[in-house]
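K.L.:
Below you'll find entry09.cif; it's mmCIF, C-alpha atoms.
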data_entry
#
loop_
_atom_site.label_atom_id
_atom_site.label_comp_id
_atom_site.auth_asym_id
_atom_site.auth_seq_id
_atom_site.Cartn_x
_atom_site.Cartn_y
_atom_site.Cartn_z
CA MET A 1 0.00 0.00 0.00
CA ASN A 2 2.86 2.39 0.73
CA ARG A 3 4.13 2.00 -2.84
CA LEU A 4 0.88 3.04 -4.47
CA VAL A 5 0.98 6.30 -6.39
CA PRO A 6 -0.77 9.36 -4.90
CA LEU A 7 -3.65 9.16 -7.39
CA THR A 8 -4.59 5.71 -6.09
CA LYS A 9 -4.51 6.93 -2.50
CA ILE A 10 -6.63 9.95 -3.40
CA ILE A 11 -9.20 7.69 -5.02
CA LEU A 12 -9.05 5.44 -1.95
CA THR A 13 -9.72 8.45 0.29
CA LEU A 14 -12.68 9.54 -1.83
CA GLY A 15 -14.06 6.01 -2.04
CA VAL A 16 -13.91 5.43 1.71
CA SER A 17 -15.43 8.86 2.34
CA VAL A 18 -18.35 8.13 0.00
CA ALA A 19 -18.86 4.72 1.62
CA ALA A 20 -18.81 6.31 5.09
CA ILE A 21 -21.45 8.82 4.02
CA VAL A 22 -23.83 6.36 2.38
CA LEU A 23 -23.61 3.66 5.06
CA THR A 24 -26.04 4.22 7.92
CA ARG A 25 -25.74 1.09 10.05
CA PRO A 26 -23.23 1.04 12.93
CA SER A 27 -22.19 -2.53 12.07
CA ALA A 28 -21.30 -1.60 8.48
CA LEU A 29 -19.40 1.52 9.56
CA ALA A 30 -17.60 -0.45 12.28
CA ALA A 31 -16.50 -3.00 9.66
CA LEU A 32 -15.23 -0.15 7.47
CA VAL A 33 -13.23 1.35 10.36
CA LEU A 34 -11.78 -2.03 11.32
CA GLY A 35 -10.71 -2.56 7.72
CA GLU A 36 -8.92 0.79 7.73
CA LEU A 37 -7.19 0.02 11.03
CA LEU A 38 -6.07 -3.33 9.61
CA VAL A 39 -4.55 -1.55 6.61
CA LEU A 40 -2.80 0.91 8.94
CA PHE A 41 -1.44 -1.99 10.99
CA VAL A 42 -0.18 -3.93 7.97
CA THR A 43 1.54 -0.86 6.50
CA GLY A 44 3.08 0.11 9.85
CA VAL A 45 1.28 3.43 10.03
CA LEU A 46 -0.71 2.40 13.11
CA CYS A 47 2.46 1.90 15.17
CA ARG A 48 4.12 5.11 13.99
CA GLN A 49 1.01 7.24 14.36
CA ALA A 50 -0.53 5.61 17.43
CA ARG A 51 -1.05 8.95 19.20
CA ALA A 52 -2.74 10.48 16.17
CA VAL A 53 -5.08 7.49 15.78
CA ALA A 54 -5.85 7.60 19.50
CA GLY A 55 -6.67 11.28 19.16
CA LEU A 56 -9.05 10.55 16.28
CA VAL A 57 -10.75 7.82 18.30
CA LEU A 58 -11.15 10.17 21.27
CA PHE A 59 -12.60 12.88 19.04
CA ALA A 60 -15.03 10.34 17.55
CA VAL A 61 -16.18 9.37 21.04
CA ILE A 62 -16.67 13.04 21.98
CA LEU A 63 -18.57 13.70 18.75
CA GLY A 64 -20.85 10.73 19.41
CA ALA A 65 -21.44 11.90 22.98
CA VAL A 66 -22.35 15.39 21.76
CA GLN A 67 -24.78 13.84 19.29
CA TYR A 68 -26.40 11.81 22.08
CA LEU A 69 -26.58 14.74 24.52
CA GLY A 70 -28.08 16.85 21.76
CA GLY A 71 -31.10 14.58 21.58
CA GLY A 72 -29.91 11.89 19.20
CA SER A 73 -30.43 8.18 19.67
CA VAL A 74 -27.72 5.74 20.69
CA GLU A 75 -27.56 4.36 17.15
CA SER A 76 -27.21 7.81 15.58
CA SER A 77 -24.42 8.60 18.06
CA TYR A 78 -22.53 5.47 17.00
CA VAL A 79 -23.08 6.33 13.34
CA THR A 80 -21.81 9.89 13.78
CA GLY A 81 -18.67 8.85 15.63
CA LEU A 82 -17.82 5.92 13.34
CA ARG A 83 -18.47 7.97 10.21
CA MET A 84 -16.10 10.70 11.33
CA LEU A 85 -13.48 8.14 12.34
CA ALA A 86 -13.69 6.36 8.98
CA MET A 87 -13.25 9.56 6.98
CA THR A 88 -10.38 10.95 9.05
CA THR A 89 -8.47 7.68 9.36
CA VAL A 90 -8.19 7.21 5.59
CA PHE A 91 -7.11 10.85 5.24
CA LEU A 92 -4.39 10.21 7.84
CA PHE A 93 -3.20 7.25 5.77
CA LEU A 94 -3.00 9.47 2.68
CA LEU A 95 -0.93 12.13 4.42
CA VAL A 96 1.43 9.79 6.27
CA THR A 97 2.28 7.53 3.31
CA THR A 98 2.50 10.21 0.59
CA ARG A 99 5.20 12.82 0.13
CA LEU A 100 3.72 16.26 -0.33
CA GLN A 101 5.68 16.92 -3.53
CA ASP A 102 4.28 13.68 -4.99
CA LEU A 103 0.78 14.70 -3.92
CA THR A 104 1.22 18.08 -5.61
CA ALA A 105 2.46 16.43 -8.81
CA ALA A 106 -0.52 14.05 -8.90
CA MET A 107 -3.03 16.88 -8.30
CA VAL A 108 -1.54 18.97 -11.11
CA THR A 109 -0.65 16.39 -13.77
CA GLN A 110 -3.48 13.86 -13.27
CA LEU A 111 -6.35 15.68 -11.58
CA LYS A 112 -5.66 18.85 -13.60
CA ILE A 113 -5.90 21.10 -10.57
CA PRO A 114 -4.15 24.46 -11.15
CA TYR A 115 -0.69 24.42 -9.65
CA THR A 116 -1.38 27.45 -7.47
CA TYR A 117 -4.29 25.77 -5.69
CA ALA A 118 -2.49 22.43 -5.39
CA PHE A 119 0.54 24.14 -3.90
CA MET A 120 -1.60 26.12 -1.45
CA PHE A 121 -3.26 22.89 -0.26
CA THR A 122 -0.03 20.95 0.25
CA ALA A 123 1.75 23.97 1.76
CA ALA A 124 -1.00 24.26 4.35
CA LEU A 125 -0.52 20.58 5.22
CA ARG A 126 3.24 21.11 5.39
CA PHE A 127 2.94 23.81 8.02
CA VAL A 128 0.51 21.98 10.33
CA PRO A 129 3.34 20.25 12.29
CA ASP A 130 5.24 23.56 12.52
CA PHE A 131 2.09 25.32 13.71
CA LEU A 132 1.56 22.72 16.45
CA ALA A 133 5.22 22.91 17.50
CA GLU A 134 5.07 26.71 17.72
CA ASN A 135 1.87 26.50 19.74
CA ARG A 136 3.56 24.17 22.21
CA ALA A 137 6.68 26.37 22.42
CA ILE A 138 4.63 29.53 23.03
CA PHE A 139 2.51 27.78 25.64
CA GLU A 140 5.62 26.61 27.52
CA ALA A 141 7.18 30.09 27.29
CA GLN A 142 4.05 31.70 28.69
CA GLU A 143 3.94 29.14 31.50
CA CYS A 144 7.49 30.15 32.43
CA ARG A 145 6.25 33.74 32.63
CA GLY A 146 3.55 32.75 35.10
CA LEU A 147 0.61 31.96 32.85
CA VAL A 148 -1.73 29.46 34.49
CA LEU A 149 -4.49 27.95 32.36
CA LYS A 150 -6.46 26.47 35.22
CA GLY A 151 -9.80 27.12 36.79
CA HIS A 152 -13.26 27.31 35.28
CA PHE A 153 -13.96 27.57 31.57
CA PHE A 154 -14.36 31.36 31.38
CA ARG A 155 -11.14 31.96 33.30
CA ARG A 156 -9.19 29.78 30.88
CA LEU A 157 -10.88 31.44 27.92
CA LYS A 158 -9.78 34.82 29.25
CA MET A 159 -6.16 33.68 29.51
CA TYR A 160 -5.91 32.02 26.08
CA PRO A 161 -5.25 35.27 24.13
CA ALA A 162 -1.80 35.27 25.76
CA VAL A 163 -1.06 32.16 23.67
CA ILE A 164 -3.15 32.91 20.59
CA GLN A 165 -1.84 36.42 19.92
CA PRO A 166 1.89 35.54 19.58
CA LEU A 167 0.92 32.41 17.64
CA VAL A 168 -1.04 34.46 15.11
CA LEU A 169 1.78 37.01 14.79
CA LYS A 170 4.38 34.29 14.20
CA SER A 171 2.12 32.62 11.64
CA LEU A 172 1.67 35.89 9.75
CA ALA A 173 5.42 36.49 9.77
CA ARG A 174 6.02 32.97 8.44
CA SER A 175 3.42 33.49 5.69
CA GLU A 176 5.02 36.78 4.64
CA THR A 177 8.46 35.18 4.50
CA MET A 178 7.11 32.31 2.42
CA ALA A 179 5.32 34.70 0.04
CA LEU A 180 8.53 36.70 -0.53
CA SER A 181 10.52 33.52 -1.10
CA LEU A 182 8.02 32.26 -3.67
CA GLU A 183 7.97 35.61 -5.45
CA LEU A 184 11.77 35.69 -5.67
CA ARG A 185 11.76 32.20 -7.15
CA GLY A 186 9.26 33.15 -9.84
CA PHE A 187 6.31 31.21 -8.47
CA GLY A 188 3.50 30.98 -11.03
CA GLY A 189 5.61 32.48 -13.79
CA GLY A 190 5.54 29.52 -16.13
CA ARG A 191 4.82 25.86 -16.65
CA GLU A 192 5.69 23.84 -13.57
CA ARG A 193 7.70 20.66 -14.03
CA PHE A 194 8.01 17.75 -11.64
CA ALA A 195 10.95 15.41 -11.22
CA VAL A 196 8.85 12.65 -9.68
CA SER A 197 6.86 9.99 -11.52
CA VAL A 198 3.27 9.45 -10.36
CA VAL A 199 2.09 7.23 -13.23
CA PRO A 200 -0.14 4.35 -11.98
CA ARG A 201 1.19 0.83 -12.30
CA ALA A 202 -0.59 -2.53 -12.54
CA ALA A 203 -1.02 -2.77 -8.75
CA ASP A 204 -2.56 0.71 -8.72
CA TYR A 205 -5.12 -0.21 -11.36
CA ALA A 206 -6.03 -3.36 -9.40
CA VAL A 207 -6.54 -1.34 -6.20
CA ILE A 208 -8.52 1.35 -8.05
CA GLY A 209 -10.79 -1.36 -9.48
CA ALA A 210 -11.33 -2.82 -6.01
CA ILE A 211 -12.12 0.65 -4.63
CA VAL A 212 -14.67 1.32 -7.37
CA ILE A 213 -16.34 -2.06 -6.81
CA GLY A 214 -16.38 -1.60 -3.03
CA THR A 215 -17.79 1.93 -3.20
CA ALA A 216 -20.43 0.90 -5.74
CA SER A 217 -21.39 -2.02 -3.50
CA ALA A 218 -21.82 0.33 -0.52
CA VAL A 219 -24.02 2.66 -2.57
CA ALA A 220 -26.06 -0.28 -3.89
CA ALA A 221 -26.49 -1.66 -0.35
CA ARG A 222 -27.77 1.72 0.81
CA ILE A 223 -30.28 1.88 -2.05
CA VAL A 224 -31.48 -1.71 -1.83
CA TYR A 225 -31.20 -2.59 1.85
CA GLY A 226 -30.81 0.77 3.53
CA ALA A 227 -27.50 -0.37 5.08
#
Step by step, read the file and then write its structure as structure tokens.

P.N.:
Amino acid sequence: MNRLVPLTKIILTLGVSVAAIVLTRPSALAALVLGELLVLFVTGVLCRQARAVAGLVLFAVILGAVQYLGGGSVESSYVTGLRMLAMTTVFLFLLVTTRLQDLTAAMVTQLKIPYTYAFMFTAALRFVPDFLAENRAIFEAQECRGLVLKGHFFRRLKMYPAVIQPLVLKSLARSETMALSLELRGFGGGRERFAVSVVPRAADYAVIGAIVIGTASAVAARIVYGA
């Protein structure tokens, strides 16, 4: 699975997302999630990204609890949580197993997305880890200065601008630096070329066929059986 080209993984992400949307039974969604976790385990992603997967599971539980507390049934709560988990887990697989430059090349050369938009999308993904690291560094620096984010909700909310303001300023400075660097390098001034090859191989076509069949089966099950 790790050797599949980005186009195959994009189609896999879309196929799983469509299946997660059309399936309405907790058992079917649970089977879909278990299948994704099995793929993550076989490819080694589950071990390397255990904290991220645990975070997604926790968020799914919270989302299901919110659905239940908001007046939903137990079944609808399971469906909401499992659906979110299925869609985010496959997206995590796409990001972890695909280099961003390969993803950009596939979006431009095969999906025919304008290079500017493809670059903006992958650049945003590239800076997510940096954004989280800066948030943690600023939080620790403010703690050393005496900031205490404890107490009731409104007290913590009042103290959070001490972390958010420097984070926003650093993000703006980083964006300005990146914009100047791209301008100096002639970004958008001509036809972009890529040194990587993202052409599907035989294994990719086999996986794409399986994805199409699986997604079509999920849609047919929803129409016929209301699964």

K.L.:
Pick from A:Ala216, A:Leu132, A:Ile208, A:Leu29: nearest to Glu75 in chain A, with only C-alpha atoms counted?

P.N.:
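For Glu75 in chain A, the nearest of the given residues is A:Leu29.
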
K.L.:
Please measure the separation of CA of Val39 in chain A and CA of Leu103 in chain A, giving the value in Å to one decimal.

P.N.:
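The value is 20.1 Å.
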
K.L.:
If you measure from CA of Val18 in chain A to CA of Ala218 in chain A, what distance in Å do you get, rounded to one decimal?

P.N.:
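Value for the CA of Val18 in chain A-CA of Ala218 in chain A distance: 8.6 Å.
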
K.L.:
Counting all atoms listed in the file, figure out which residue out of A:Thr177, A:Thr89, A:Gln142, A:Thr215 gets nearest to Leu56 in chain A.

P.N.:
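The closest residue to Leu56 in chain A is A:Thr89.
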
K.L.:
Kindly give the distance, in Å, that separates CA of Ile62 in chain A and CA of Gly214 in chain A, rounded to a single decimal.

P.N.:
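Computing it gives 29.0 Å between the two atoms.
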
K.L.:
Could you spell out the hits of the PyMOL selection byres ((chain A and resi 61) around 12) on the shown file, as a list in words?

P.N.:
Ala54, Gly55, Leu56, Val57, Leu58, Phe59, Ala60, Ile62, Leu63, Gly64, Ala65, Val66, Gln67, Tyr68, Ser77, Tyr78, Val79, Thr80, Gly81, Leu82, Arg83, Met84 and Leu85 of chain A

K.L.:
Using the chain letters and residue numbers of this document, give as number ranges by chain the residues selected by the PyMOL selection byres ((chain A and resi 211) around 10).

P.N.:
A: 8, 11-16, 205-210, 212-217

K.L.:
Dump C-alpha atoms for the selected residues as a PDB file, in the coordinates of the input?

P.N.:
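Wrote again.pdb, looks like this:
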ATOM      1  CA  THR A   8      -4.590   5.710  -6.090  1.00  0.00           C
ATOM      2  CA  ILE A  11      -9.200   7.690  -5.020  1.00  0.00           C
ATOM      3  CA  LEU A  12      -9.050   5.440  -1.950  1.00  0.00           C
ATOM      4  CA  THR A  13      -9.720   8.450   0.290  1.00  0.00           C
ATOM      5  CA  LEU A  14     -12.680   9.540  -1.830  1.00  0.00           C
ATOM      6  CA  GLY A  15     -14.060   6.010  -2.040  1.00  0.00           C
ATOM      7  CA  VAL A  16     -13.910   5.430   1.710  1.00  0.00           C
ATOM      8  CA  TYR A 205      -5.120  -0.210 -11.360  1.00  0.00           C
ATOM      9  CA  ALA A 206      -6.030  -3.360  -9.400  1.00  0.00           C
ATOM     10  CA  VAL A 207      -6.540  -1.340  -6.200  1.00  0.00           C
ATOM     11  CA  ILE A 208      -8.520   1.350  -8.050  1.00  0.00           C
ATOM     12  CA  GLY A 209     -10.790  -1.360  -9.480  1.00  0.00           C
ATOM     13  CA  ALA A 210     -11.330  -2.820  -6.010  1.00  0.00           C
ATOM     14  CA  VAL A 212     -14.670   1.320  -7.370  1.00  0.00           C
ATOM     15  CA  ILE A 213     -16.340  -2.060  -6.810  1.00  0.00           C
ATOM     16  CA  GLY A 214     -16.380  -1.600  -3.030  1.00  0.00           C
ATOM     17  CA  THR A 215     -17.790   1.930  -3.200  1.00  0.00           C
ATOM     18  CA  ALA A 216     -20.430   0.900  -5.740  1.00  0.00           C
ATOM     19  CA  SER A 217     -21.390  -2.020  -3.500  1.00  0.00           C
TER      20      SER A 217
END

K.L.:
I'd like to see the residues matched by the PyMOL selection byres ((chain A and resi 118) around 10) on this file, and ideally I'd get them as number ranges by chain.

P.N.:
A: 103-108, 111-117, 119-123
